[in-house]
Each structure stands twice: as C-alpha cells, then as structure tokens.
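> This is my_file20.cif (mmCIF, C-alpha atoms (C1' of nucleotides)).
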data_start
loop_
_atom_site.label_atom_id
_atom_site.label_comp_id
_atom_site.auth_asym_id
_atom_site.auth_seq_id
_atom_site.Cartn_x
_atom_site.Cartn_y
_atom_site.Cartn_z
CA MET L 1 -7.15 3.13 -1.21
CA GLY L 2 -5.86 6.64 -1.21
CA ILE L 3 -6.61 9.55 -3.45
CA PHE L 4 -3.77 8.46 -5.73
CA SER L 5 -2.56 5.00 -6.82
CA LYS L 6 0.42 3.57 -4.99
CA THR L 7 2.49 4.12 -8.12
CA CYS L 8 1.55 7.78 -8.07
CA GLU L 9 2.34 8.12 -4.39
CA TYR L 10 5.82 6.71 -4.98
CA ALA L 11 6.25 8.99 -7.97
CA LEU L 12 5.34 12.12 -6.07
CA ARG L 13 7.59 11.25 -3.18
CA ALA L 14 10.48 10.45 -5.50
CA VAL L 15 10.06 13.63 -7.49
CA PHE L 16 10.02 15.70 -4.31
CA PHE L 17 13.17 13.90 -3.25
CA ILE L 18 14.96 14.48 -6.55
CA ALA L 19 13.84 18.10 -6.65
CA HIS L 20 15.14 18.76 -3.21
CA ARG L 21 18.47 17.12 -4.05
CA THR L 22 18.71 18.90 -7.36
CA SER L 23 18.22 22.21 -5.61
CA GLU L 24 21.49 21.41 -3.82
CA GLY L 25 23.05 20.58 -7.19
CA GLY L 26 23.94 17.10 -8.29
CA ARG L 27 22.28 13.90 -9.32
CA VAL L 28 20.94 11.13 -7.22
CA GLY L 29 20.82 7.38 -7.89
CA ILE L 30 17.84 5.11 -7.72
CA LYS L 31 19.08 3.27 -4.63
CA GLU L 32 19.34 6.46 -2.65
CA ILE L 33 15.98 7.72 -3.86
CA ALA L 34 14.26 4.44 -3.06
CA SER L 35 15.60 4.34 0.45
CA GLY L 36 15.03 8.06 0.85
CA VAL L 37 11.35 7.78 0.10
CA ASP L 38 10.92 4.29 1.51
CA SER L 39 9.74 2.52 -1.61
CA PRO L 40 10.63 -0.68 -3.50
CA GLU L 41 13.75 0.03 -5.54
CA TYR L 42 13.05 -1.86 -8.76
CA PHE L 43 9.48 -0.76 -8.87
CA LEU L 44 10.43 2.85 -8.36
CA ALA L 45 13.06 2.47 -11.10
CA LYS L 46 10.30 1.64 -13.57
CA ILE L 47 8.26 4.58 -12.47
CA LEU L 48 11.18 6.97 -12.87
CA GLN L 49 12.00 5.50 -16.28
CA ASP L 50 8.52 6.48 -17.29
CA LEU L 51 8.72 9.97 -15.81
CA SER L 52 12.10 10.43 -17.46
CA LYS L 53 10.74 9.51 -20.90
CA ARG L 54 8.01 12.06 -20.40
CA GLY L 55 10.50 14.74 -19.45
CA ILE L 56 9.08 15.17 -15.97
CA VAL L 57 12.47 14.32 -14.51
CA GLN L 58 15.86 14.06 -16.20
CA SER L 59 18.36 11.21 -16.00
CA ALA L 60 21.93 10.40 -16.98
CA LYS L 61 23.59 7.01 -17.31
CA GLY L 62 27.05 5.99 -16.22
CA PRO L 63 29.31 7.00 -13.36
CA ASN L 64 28.13 10.15 -11.66
CA GLY L 65 24.83 9.60 -13.39
CA GLY L 66 21.45 9.48 -11.78
CA PHE L 67 18.24 11.43 -11.72
CA TYR L 68 17.97 15.18 -11.56
CA MET L 69 15.68 17.98 -12.66
CA GLU L 70 16.16 20.96 -14.89
CA GLU L 71 15.02 24.40 -13.81
CA LYS L 72 11.98 24.14 -16.01
CA ALA L 73 11.06 20.74 -14.61
CA LEU L 74 11.18 22.10 -11.09
CA LYS L 75 8.58 24.67 -12.00
CA GLN L 76 6.05 22.12 -13.24
CA PRO L 77 2.76 21.79 -11.43
CA LEU L 78 2.09 18.62 -9.46
CA SER L 79 -0.71 17.86 -11.87
CA ASN L 80 1.87 16.83 -14.47
CA ILE L 81 2.98 13.91 -12.34
CA VAL L 82 -0.49 12.88 -11.26
CA GLN L 83 -1.91 13.04 -14.74
CA ALA L 84 1.00 11.15 -16.26
CA ILE L 85 0.43 8.24 -13.91
CA ASP L 86 -3.20 8.20 -12.80
CA GLY L 87 -4.69 9.98 -15.77
CA LYS L 88 -7.15 12.79 -15.49
CA SER L 89 -9.98 10.80 -13.94
CA ILE L 90 -9.29 12.39 -10.59
CA PHE L 91 -10.20 15.75 -12.10
CA THR L 92 -13.07 14.70 -14.27
CA GLY L 93 -14.33 11.27 -13.21
CA CYS L 94 -17.72 10.56 -11.68
CA ALA L 95 -17.77 9.67 -7.98
CA LEU L 96 -20.09 6.76 -8.72
CA GLY L 97 -18.05 5.57 -11.68
CA LEU L 98 -20.60 6.49 -14.35
CA GLU L 99 -19.15 7.21 -17.75
CA ILE L 100 -21.88 9.53 -18.86
CA CYS L 101 -22.23 11.80 -15.87
CA SER L 102 -22.50 15.50 -16.50
CA GLU L 103 -24.39 18.62 -15.61
CA LYS L 104 -27.13 17.51 -17.99
CA ASN L 105 -27.17 13.87 -16.99
CA PRO L 106 -25.91 13.84 -13.42
CA CYS L 107 -25.49 11.05 -10.93
CA PRO L 108 -26.90 11.79 -7.48
CA LEU L 109 -23.52 12.94 -6.21
CA HIS L 110 -22.55 15.02 -9.21
CA ASN L 111 -23.10 18.43 -7.68
CA GLU L 112 -21.86 17.35 -4.29
CA PHE L 113 -18.47 16.47 -5.73
CA ILE L 114 -17.95 19.38 -8.08
CA ASP L 115 -16.38 21.56 -5.42
CA ILE L 116 -14.15 18.81 -4.17
CA ARG L 117 -12.85 17.96 -7.61
CA ASN L 118 -12.26 21.59 -8.45
CA GLN L 119 -10.33 22.05 -5.27
CA ILE L 120 -8.10 19.06 -5.99
CA GLN L 121 -7.56 20.25 -9.52
CA HIS L 122 -6.78 23.77 -8.43
CA LEU L 123 -4.34 22.55 -5.82
CA LEU L 124 -2.44 20.28 -8.17
CA GLN L 125 -2.36 22.71 -11.05
CA ASN L 126 -1.26 25.70 -9.04
CA THR L 127 1.42 24.12 -6.93
CA THR L 128 4.89 23.56 -8.34
CA ILE L 129 7.30 20.84 -7.39
CA GLU L 130 10.00 23.19 -6.17
CA GLU L 131 7.69 24.86 -3.67
CA PHE L 132 8.32 22.04 -1.25
CA ASN L 133 12.10 22.16 -1.31
CA GLU L 134 12.53 24.64 1.46
CA ASP L 135 10.52 22.73 4.02
CA LEU L 136 12.30 19.53 3.02
CA ASN L 137 15.67 21.20 3.46
CA LEU L 138 14.68 22.46 6.85
CA GLY L 139 13.48 19.01 7.83
CA LEU L 140 9.99 20.34 8.41
CA THR L 141 8.40 17.74 6.16
CA THR L 142 9.07 14.07 5.54
CA LEU L 143 8.94 11.63 2.61
CA LYS L 144 9.46 8.42 4.56
CA LYS L 145 7.24 5.89 6.36
CA MET H 25 -8.92 5.25 -10.39
CA GLY H 26 -11.76 7.14 -8.85
CA ILE H 27 -12.22 8.50 -5.38
CA PHE H 28 -13.84 5.22 -4.37
CA SER H 29 -13.07 1.62 -5.32
CA LYS H 30 -15.22 0.04 -8.00
CA THR H 31 -16.82 -2.12 -5.33
CA CYS H 32 -17.78 1.00 -3.42
CA GLU H 33 -19.13 2.70 -6.52
CA TYR H 34 -21.39 -0.29 -7.21
CA ALA H 35 -22.43 -0.35 -3.56
CA LEU H 36 -23.41 3.31 -3.51
CA ARG H 37 -25.34 3.03 -6.73
CA ALA H 38 -27.13 -0.11 -5.56
CA VAL H 39 -28.02 1.42 -2.21
CA PHE H 40 -29.43 4.50 -3.90
CA PHE H 41 -31.44 2.20 -6.13
CA ILE H 42 -32.79 0.13 -3.26
CA ALA H 43 -33.55 3.23 -1.21
CA HIS H 44 -35.50 4.79 -4.02
CA ARG H 45 -37.47 1.58 -4.57
CA THR H 46 -38.06 1.12 -0.90
CA SER H 47 -39.50 4.60 -0.68
CA GLU H 48 -42.15 3.32 -3.06
CA GLY H 49 -42.65 0.32 -0.78
CA GLY H 50 -41.61 -3.20 -1.65
CA ARG H 51 -38.47 -5.19 -2.17
CA VAL H 52 -36.29 -5.49 -5.17
CA GLY H 53 -34.30 -8.46 -6.45
CA ILE H 54 -30.63 -8.59 -7.32
CA LYS H 55 -31.28 -8.97 -11.05
CA GLU H 56 -33.30 -5.82 -11.17
CA ILE H 57 -30.83 -3.90 -9.06
CA ALA H 58 -27.87 -5.03 -11.14
CA SER H 59 -29.48 -4.03 -14.38
CA GLY H 60 -30.82 -0.86 -12.80
CA VAL H 61 -27.38 0.33 -11.79
CA ASP H 62 -25.54 -1.29 -14.67
CA SER H 63 -23.23 -3.54 -12.72
CA PRO H 64 -22.21 -7.23 -12.80
CA GLU H 65 -24.96 -9.20 -11.14
CA TYR H 66 -23.01 -11.84 -9.24
CA PHE H 67 -20.43 -9.38 -8.10
CA LEU H 68 -23.05 -6.98 -6.84
CA ALA H 69 -24.76 -9.88 -5.07
CA LYS H 70 -21.62 -10.38 -3.01
CA ILE H 71 -21.43 -6.70 -2.18
CA LEU H 72 -25.04 -6.59 -1.04
CA GLN H 73 -24.58 -9.74 1.02
CA ASP H 74 -21.89 -7.87 2.86
CA LEU H 75 -23.95 -4.71 3.31
CA SER H 76 -26.86 -6.82 4.47
CA LYS H 77 -24.75 -8.52 7.14
CA ARG H 78 -23.69 -5.11 8.37
CA GLY H 79 -27.28 -3.91 8.54
CA ILE H 80 -26.74 -1.20 5.98
CA VAL H 81 -29.46 -2.72 3.83
CA GLN H 82 -32.03 -5.38 4.67
CA SER H 83 -32.84 -8.55 2.74
CA ALA H 84 -35.41 -11.33 2.66
CA LYS H 85 -35.18 -14.75 1.03
CA GLY H 86 -37.81 -16.61 -0.87
CA PRO H 87 -40.66 -15.54 -3.12
CA ASN H 88 -41.41 -11.86 -2.85
CA GLY H 89 -38.03 -11.52 -1.18
CA GLY H 90 -35.29 -9.19 -2.18
CA PHE H 91 -33.46 -6.20 -0.80
CA TYR H 92 -35.05 -3.28 0.97
CA MET H 93 -34.26 -0.71 3.61
CA GLU H 94 -35.82 0.10 6.94
CA GLU H 95 -36.62 3.68 7.89
CA LYS H 96 -33.56 3.86 10.06
CA ALA H 97 -31.32 2.54 7.29
CA LEU H 98 -32.58 5.22 4.93
CA LYS H 99 -31.43 7.87 7.35
CA GLN H 100 -27.85 6.63 7.49
CA PRO H 101 -25.10 8.88 6.23
CA LEU H 102 -23.27 7.88 3.05
CA SER H 103 -20.14 7.48 5.13
CA ASN H 104 -21.52 4.22 6.52
CA ILE H 105 -21.36 2.63 3.09
CA VAL H 106 -18.02 4.08 2.13
CA GLN H 107 -16.38 3.18 5.37
CA ALA H 108 -17.78 -0.35 5.35
CA ILE H 109 -16.22 -1.00 1.97
CA ASP H 110 -13.21 1.26 1.49
CA GLY H 111 -12.38 1.82 5.14
CA LYS H 112 -11.64 5.16 6.63
CA SER H 113 -8.44 5.87 4.71
CA ILE H 114 -10.28 8.33 2.52
CA PHE H 115 -10.92 10.45 5.60
CA THR H 116 -7.63 10.02 7.36
CA GLY H 117 -5.03 8.68 4.93
CA CYS H 118 -1.96 10.57 3.74
CA ALA H 119 -2.01 11.79 0.14
CA LEU H 120 1.51 10.44 -0.35
CA GLY H 121 0.75 7.13 1.32
CA LEU H 122 2.85 7.70 4.42
CA GLU H 123 1.72 5.83 7.49
CA ILE H 124 3.11 8.26 9.97
CA CYS H 125 1.92 11.56 8.58
CA SER H 126 0.45 14.05 11.01
CA GLU H 127 0.47 17.65 12.06
CA LYS H 128 3.70 17.01 13.92
CA ASN H 129 5.36 14.90 11.26
CA PRO H 130 3.76 16.04 8.01
CA CYS H 131 4.41 15.05 4.42
CA PRO H 132 4.80 17.97 2.02
CA LEU H 133 1.14 17.81 1.03
CA HIS H 134 -0.28 17.35 4.50
CA ASN H 135 -1.67 20.84 4.95
CA GLU H 136 -2.69 21.13 1.34
CA PHE H 137 -4.98 18.14 1.67
CA ILE H 138 -6.52 18.82 5.05
CA ASP H 139 -9.29 20.95 3.63
CA ILE H 140 -10.07 18.50 0.88
CA ARG H 141 -10.30 15.54 3.23
CA ASN H 142 -12.43 17.47 5.66
CA GLN H 143 -14.77 18.44 2.91
CA ILE H 144 -15.15 14.86 1.71
CA GLN H 145 -15.71 13.69 5.26
CA HIS H 146 -18.24 16.40 5.98
CA LEU H 147 -20.11 15.64 2.79
CA LEU H 148 -20.32 11.90 3.40
CA GLN H 149 -21.17 12.19 7.07
CA ASN H 150 -23.84 14.81 6.67
CA THR H 151 -25.69 13.44 3.71
CA THR H 152 -28.22 10.67 4.17
CA ILE H 153 -29.12 8.01 1.67
CA GLU H 154 -32.76 9.00 1.43
CA GLU H 155 -31.92 12.56 0.43
CA PHE H 156 -31.44 11.41 -3.13
CA ASN H 157 -34.76 9.65 -3.53
CA GLU H 158 -36.71 12.61 -4.74
CA ASP H 159 -34.41 13.47 -7.61
CA LEU H 160 -34.26 9.80 -8.59
CA ASN H 161 -38.05 9.60 -8.59
CA LEU H 162 -38.27 12.67 -10.73
CA GLY H 163 -35.71 11.24 -13.11
CA LEU H 164 -33.42 14.18 -12.47
CA THR H 165 -30.48 11.94 -11.63
CA THR H 166 -29.22 8.66 -13.01
CA LEU H 167 -27.52 5.52 -11.68
CA LYS H 168 -26.70 3.90 -15.02
CA LYS H 169 -23.81 4.03 -17.49
"C1'" DT S 28 -45.91 -30.82 2.10
"C1'" DA S 29 -43.91 -30.06 -2.53
"C1'" DA S 30 -42.46 -26.76 -5.78
"C1'" DA S 31 -40.83 -22.42 -6.72
"C1'" DT S 32 -38.31 -18.39 -5.57
"C1'" DA S 33 -34.54 -15.53 -4.09
"C1'" DA S 34 -30.69 -14.53 -1.16
"C1'" DA S 35 -26.40 -16.70 1.17
"C1'" DG S 36 -22.27 -19.12 0.78
"C1'" DG S 37 -18.25 -21.29 -1.13
"C1'" DA S 38 -14.96 -21.86 -4.47
"C1'" DC S 39 -13.00 -20.32 -8.58
"C1'" DA S 40 -11.23 -17.34 -12.76
"C1'" DA S 41 -9.69 -13.17 -14.99
"C1'" DA S 42 -7.72 -8.73 -14.98
"C1'" DA S 43 -5.18 -5.12 -13.04
"C1'" DA S 44 -1.82 -3.30 -9.93
"C1'" DA S 45 2.25 -3.85 -7.49
"C1'" DC S 46 6.66 -5.67 -7.35
"C1'" DT S 47 11.28 -8.38 -8.81
"C1'" DC S 48 15.11 -9.89 -11.37
"C1'" DT S 49 18.32 -10.15 -15.19
"C1'" DT S 50 20.35 -8.37 -19.31
"C1'" DT S 51 21.47 -4.46 -22.21
"C1'" DT S 52 22.97 0.18 -23.30
"C1'" DA S 53 25.21 4.48 -22.49
"C1'" DT S 54 28.70 7.03 -20.15
"C1'" DT S 55 32.72 7.95 -17.53
"C1'" DT S 56 37.04 7.01 -15.53
"C1'" DT S 57 41.37 4.70 -15.46
"C1'" DA K 8 40.58 0.46 -24.98
"C1'" DA K 9 39.01 -1.85 -20.65
"C1'" DA K 10 36.64 -1.62 -16.44
"C1'" DA K 11 33.27 0.31 -13.70
"C1'" DT K 12 29.00 2.63 -13.04
"C1'" DA K 13 24.16 3.62 -13.40
"C1'" DA K 14 19.93 3.97 -15.96
"C1'" DA K 15 16.97 1.51 -19.68
"C1'" DA K 16 14.71 -2.39 -21.20
"C1'" DG K 17 12.59 -6.81 -21.13
"C1'" DA K 18 10.46 -10.50 -19.08
"C1'" DG K 19 8.80 -12.20 -15.58
"C1'" DT K 20 6.06 -13.12 -10.48
"C1'" DT K 21 2.94 -11.96 -6.71
"C1'" DT K 22 -0.88 -9.80 -4.76
"C1'" DT K 23 -5.15 -7.45 -4.92
"C1'" DT K 24 -9.29 -6.34 -7.11
"C1'" DT K 25 -12.91 -7.50 -9.89
"C1'" DG K 26 -15.96 -10.75 -11.67
"C1'" DT K 27 -18.30 -15.64 -12.33
"C1'" DC K 28 -20.58 -19.92 -11.32
"C1'" DC K 29 -22.65 -23.46 -8.72
"C1'" DT K 30 -24.69 -25.29 -4.47
"C1'" DT K 31 -27.17 -24.48 -0.19
"C1'" DT K 32 -30.52 -22.37 2.83
"C1'" DA K 33 -34.63 -19.94 3.96
"C1'" DT K 34 -39.21 -18.55 2.77
"C1'" DT K 35 -43.47 -18.45 0.43
"C1'" DT K 36 -47.15 -20.13 -2.31
"C1'" DA K 37 -49.88 -23.63 -4.42
#
Translate this file's structure into structure tokens.


Amino acid sequence: MGIFSKTCEYALRAVFFIAHRTSEGGRVGIKEIASGVDSPEYFLAKILQDLSKRGIVQSAKGPNGGFYMEEKALKQPLSNIVQAIDGKSIFTGCALGLEICSEKNPCPLHNEFIDIRNQIQHLLQNTTIEEFNEDLNLGLTTLKK
Amino acid sequence: MGIFSKTCEYALRAVFFIAHRTSEGGRVGIKEIASGVDSPEYFLAKILQDLSKRGIVQSAKGPNGGFYMEEKALKQPLSNIVQAIDGKSIFTGCALGLEICSEKNPCPLHNEFIDIRNQIQHLLQNTTIEEFNEDLNLGLTTLKK
DNA sequence: TAAATAAAGGACAAAAAACTCTTTTATTTT
DNA sequence: AAAATAAAAGAGTTTTTTGTCCTTTATTTA
C-alpha cells in the first residue's frame, strides 16, 4: 500500500502526462496516455472520465479529440487530484483509524503525525501540475514502470 | 485510505492496548482487547495470531491465558508492527506507484516525497511501543472510536 | 483425570478496489 | 449525409481486503 490508492497513482501519472503533452499543444488519446504511463487502458479511461467531469482535465470527442488541459487547469495544485479521488483523509485522518481523534481526544500517535500530515498537505496544495512539465520534457523524470 | 491498512491500524491499537495492560502485569484476552480498541473480534484474533507467531506479542492458551508482552517486546520500535503487516513500501515505495523509481530514474514527485518518507521512517523506527503506556494510563490518549 | 478456558487454525463470506468489455454519444472528415 | 474517430456510459468480472464462524489444540483448575 502506498500513500495514495492505485487509482490515484494512475490519475496523477496520467495528469502529468496530459499536462506535459498539452504544454506542447494538442490533445492526446487514452491509448497513448495509458501506454505512456504504463497503466490499464480501460481502467484509466474511467478515471479520466471522472476527472473530466470534475473539470480537472478537459476532453473532446471525435476525430482529433482526446484529453487536454486548459491554462487554468495546469495551474491547479496536486491536491485537487488527490482529494477528488482519495478524499481528504490523507490530510485529516487519524493514523490509527479513529474517527474521533483530535487535539482534545488524541490517539497515541496524534501529535507524532501532525507534522507529517501538514507536510503532505503543504506539498500537495502548493505544487501545481505544470511545475513538472519542464523536467518531463527534458526527460529528467519518468512516468513509466 | 489512511497511511496504514485497516489491519495495521487494528494491530497498532491492539499492541498499544496489550502493552499498557502488560505494564500493569497480567494477560488480556481477545474479547477485552477487541472491545478495548473497538475492532472486530475475530478479525483482530487473526491479526494477533500473526503478531504472536512473529514474536511481536506473546500469548498463552488456557485459563488465565491471553496476550501479553515481554520486556524486550515492549522496547520494540513501532516499525516492527508496521513492517510485519504492511511491508516496507511505506518507507521505500514511490508516491506514483512506479517500481523503478530512484535518484537516478525519478518520478516527478521523487524528491518531493523523500523528506516525508524519511520522517515517517524515523518516527516509526525511533519510537518504542512502551513509550505510550504512561499517557494511556493517565487517560490522556485513547484507542477507541 | 475431567471440565473449563482461551488461543490457534481452517475454511468461508462480504465488501471494496481494481480492472474489462461492449454499446452509445458526440464530433469531424470525406 | 455517411463513415470514421474517440470519449462517455453502462454493466459487468476479478482480485484484494476485511470480516465471520466453527473446530482443534494447549493449558489450567477443580
């Protein structure tokens, strides 16, 4: 088990892929995305349908159609994707799975995990999707395997 | 989805419970543990069977039996429990789920997550189970709901 | 030594997550 | 307008995780 669900991992990789392609202009089809981020095509299609409905990515049907991202979408924080798919539990949930865990009624690990959660939250909220385009273009980072 | 699997959450809570009871001497039965940490009894029984086999907790059958922990077990780091159940992916895994993600072949989030992973690892490896007994005894922390 | 107790073990069942396939709808190109 | 293209939608299946129940084994106590 990772930090994110598998669905969320695929989503993030796909969005990075689309963003990087969009920055070169043009749309990209599901087949190319799926193979580009090494994920199951039909499953990823469902995920992107969902992200498209939510306006996190854009899509167009028909010839020359595909997925792409508007300027505004490129400037979204990563937290939009994560929260859309995995919810906000990663930011707010209790490490021991307690529902009622707070400063006033803490689990043993409550204080230990505050910093970690804040750091994750800060990272995801203050990093935009497009920030990763350059390194992807230069081949410095990868989205496969 | 939390940081840990549900199984691991139950395990941590149960171990804290046993540790805290053990510090008062004596063994504690599965029924009491399950209700004490608000988790499904039969499921938790399986989890504790596993932890017992691995020597993370101790158990005794028969009347006056139950689960308990030896001195040495109380001094284990939390990472023993987490790693036994969820594996080491939380320490080493890639945030985007890539198998081959490293300094030399990084995913876009590789560097962003290094600190976070290190912090989680440090926390779990440098915190022992018994450290939480005092606050539990004083009722300052909770393991339920 | 028989009865009672409590964990261990085995074998399922239910729910959630991950994944697949087929049909429909929208759009473009010819 | 017809054909071709590509996402959307619907309806599954498979796998993994979570959870349950019943029988067996070990230990203690009467």

> Determine the nearest neighbour of Cys131 (chain H) from the options L:Phe67, L:Tyr42, L:Phe91, L:Phe132, counting only C-alpha atoms.

L:Phe132

> Check the smallest atom-to-atom distance from each of H:Glu65, H:Glu94, H:Glu48, H:Glu127 to chain K using all atoms listed in the file, then report the winner.

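Among the listed residues, the smallest separation from chain K belongs to H:Glu65.
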
> Determine the nearest neighbour of chain H from the options L:Asn126, L:Gln119, L:Gln58, L:Asn137, counting only C-alpha atoms.

L:Gln119

> Could you give me, as a CSV table (one decimal) with C-alpha atoms (C1' of nucleotides), in the frame of the given file, the residues within 12 Å of region 28-30 of chain L, counting all atoms listed in the file and dropping anything in the same chain fewer than 5 positions from it?


chain,number,residue,atom,x,y,z
L,14,ALA,CA,10.5,10.4,-5.5
L,15,VAL,CA,10.1,13.6,-7.5
L,17,PHE,CA,13.2,13.9,-3.2
L,18,ILE,CA,15.0,14.5,-6.6
L,19,ALA,CA,13.8,18.1,-6.6
L,20,HIS,CA,15.1,18.8,-3.2
L,21,ARG,CA,18.5,17.1,-4.0
L,22,THR,CA,18.7,18.9,-7.4
L,23,SER,CA,18.2,22.2,-5.6
L,35,SER,CA,15.6,4.3,0.4
L,36,GLY,CA,15.0,8.1,0.8
L,37,VAL,CA,11.4,7.8,0.1
L,38,ASP,CA,10.9,4.3,1.5
L,39,SER,CA,9.7,2.5,-1.6
L,40,PRO,CA,10.6,-0.7,-3.5
L,41,GLU,CA,13.8,0.0,-5.5
L,42,TYR,CA,13.0,-1.9,-8.8
L,43,PHE,CA,9.5,-0.8,-8.9
L,44,LEU,CA,10.4,2.8,-8.4
L,45,ALA,CA,13.1,2.5,-11.1
L,46,LYS,CA,10.3,1.6,-13.6
L,47,ILE,CA,8.3,4.6,-12.5
L,48,LEU,CA,11.2,7.0,-12.9
L,49,GLN,CA,12.0,5.5,-16.3
L,57,VAL,CA,12.5,14.3,-14.5
L,58,GLN,CA,15.9,14.1,-16.2
L,59,SER,CA,18.4,11.2,-16.0
L,60,ALA,CA,21.9,10.4,-17.0
L,61,LYS,CA,23.6,7.0,-17.3
L,62,GLY,CA,27.0,6.0,-16.2
L,63,PRO,CA,29.3,7.0,-13.4
L,64,ASN,CA,28.1,10.2,-11.7
L,65,GLY,CA,24.8,9.6,-13.4
L,66,GLY,CA,21.4,9.5,-11.8
L,67,PHE,CA,18.2,11.4,-11.7
L,68,TYR,CA,18.0,15.2,-11.6
L,69,MET,CA,15.7,18.0,-12.7
K,12,DT,C1',29.0,2.6,-13.0
K,13,DA,C1',24.2,3.6,-13.4
K,14,DA,C1',19.9,4.0,-16.0

> Between K:DT22, K:DA9, K:DA15, K:DA33, which one has atoms that come closest to DA35 (chain S), using only C-alpha atoms (C1' of nucleotides)?

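When distances to DA35 (chain S) are compared using only C-alpha atoms (C1' of nucleotides), the smallest one comes from K:DA33.
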
> Taking the point (-48.7, -32.2, 3.8) as given in the file, collect each protein or nucleic acid residue that comes within 12 Å of it, counting all atoms listed in the file, and present the set as a list of chain:residue names.

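Within 12 Å of (-48.7, -32.2, 3.8), the protein and nucleic acid residues are S:DT28, S:DA29, K:DA37.
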
> Please, what distance in Å, to one decimal, runs between CA of Arg27 (chain L) and C1' of DA53 (chain S)?

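Those two atoms sit 16.5 Å apart.
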
> Evaluating the PyMOL selection byres ((chain H) within 8 of (chain L)) on the displayed file yields which residues, as an NGL selection string?

:H and (25-30 or 33-34 or 36-37 or 110 or 113-114 or 117-124 or 129-132 or 136 or 140 or 143-144 or 147 or 156 or 159-160 or 164-169)

> Using all atoms listed in the file, find the one residue out of L:Asn118, L:Asn111, L:Gln125, L:Ser52 that sits nearest to Gln83 (chain L).

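Closest to Gln83 (chain L), using all atoms listed in the file: L:Gln125.
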
> Hey, can you check how far C1' of DT35 (chain K) sits from CA of Ala58 (chain H)?

23.6 Å

> Restricting the calculation to only C-alpha atoms (C1' of nucleotides): of H:Ile109, H:Lys99, H:Lys55, H:Gly79, which residue gets closest to chain S?

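Ranked by minimum distance to chain S, first place goes to H:Lys55.
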
> Please identify every residue of chain S that has at least one atom no farther than 7 Å from an atom of chain L, counting all atoms listed in the file, and for each give the shortest atom pair and the distance in Å to one decimal, arranged by chain then increasing number, as a tab-separated table.


residue	atom	partner	partner_atom	distance
S:DC46	C1'	L:Phe43	CA	5.9
S:DT47	C1'	L:Tyr42	CA	6.8
S:DA53	C1'	L:Lys61	CA	6.0
S:DT54	C1'	L:Gly62	CA	4.4
S:DT55	C1'	L:Pro63	CA	5.5

> Quick one: apply the PyMOL selection byres ((chain K) within 12 of (chain H)) to the file and drop the selected residues here as a PDB file with C-alpha atoms (C1' of nucleotides), in the frame of the given file.


ATOM      1  C1'  DT K  24      -9.290  -6.340  -7.110  1.00  0.00           C
ATOM      2  C1'  DT K  25     -12.910  -7.500  -9.890  1.00  0.00           C
ATOM      3  C1'  DG K  26     -15.960 -10.750 -11.670  1.00  0.00           C
ATOM      4  C1'  DT K  27     -18.300 -15.640 -12.330  1.00  0.00           C
ATOM      5  C1'  DC K  28     -20.580 -19.920 -11.320  1.00  0.00           C
ATOM      6  C1'  DC K  29     -22.650 -23.460  -8.720  1.00  0.00           C
ATOM      7  C1'  DT K  32     -30.520 -22.370   2.830  1.00  0.00           C
ATOM      8  C1'  DA K  33     -34.630 -19.940   3.960  1.00  0.00           C
ATOM      9  C1'  DT K  34     -39.210 -18.550   2.770  1.00  0.00           C
ATOM     10  C1'  DT K  35     -43.470 -18.450   0.430  1.00  0.00           C
ATOM     11  C1'  DT K  36     -47.150 -20.130  -2.310  1.00  0.00           C
TER      12       DT K  36
END

> Listed atoms of region 32-47 of chain H, axis-aligned box, 3 Å per side: centre and edge lengths to one decimal in Å, as lines of an AutoDock Vina configuration file?


center_x = -28.6
center_y = 2.2
center_z = -3.9
size_x = 27.7
size_y = 11.1
size_z = 12.5

> Grab the CA of Ile81 (chain L) to CA of Ile56 (chain L) distance for me, in Å with one decimal place.

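Calculated distance between CA of Ile81 (chain L) and CA of Ile56 (chain L) is 7.2 Å.
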
> Any chance you could resolve the PyMOL selection byres ((chain K and resi 18) around 12) against this file and give the residues as a PyMOL selection string?

(chain S and resi 47-50) or (chain K and resi 16-17+19-20)
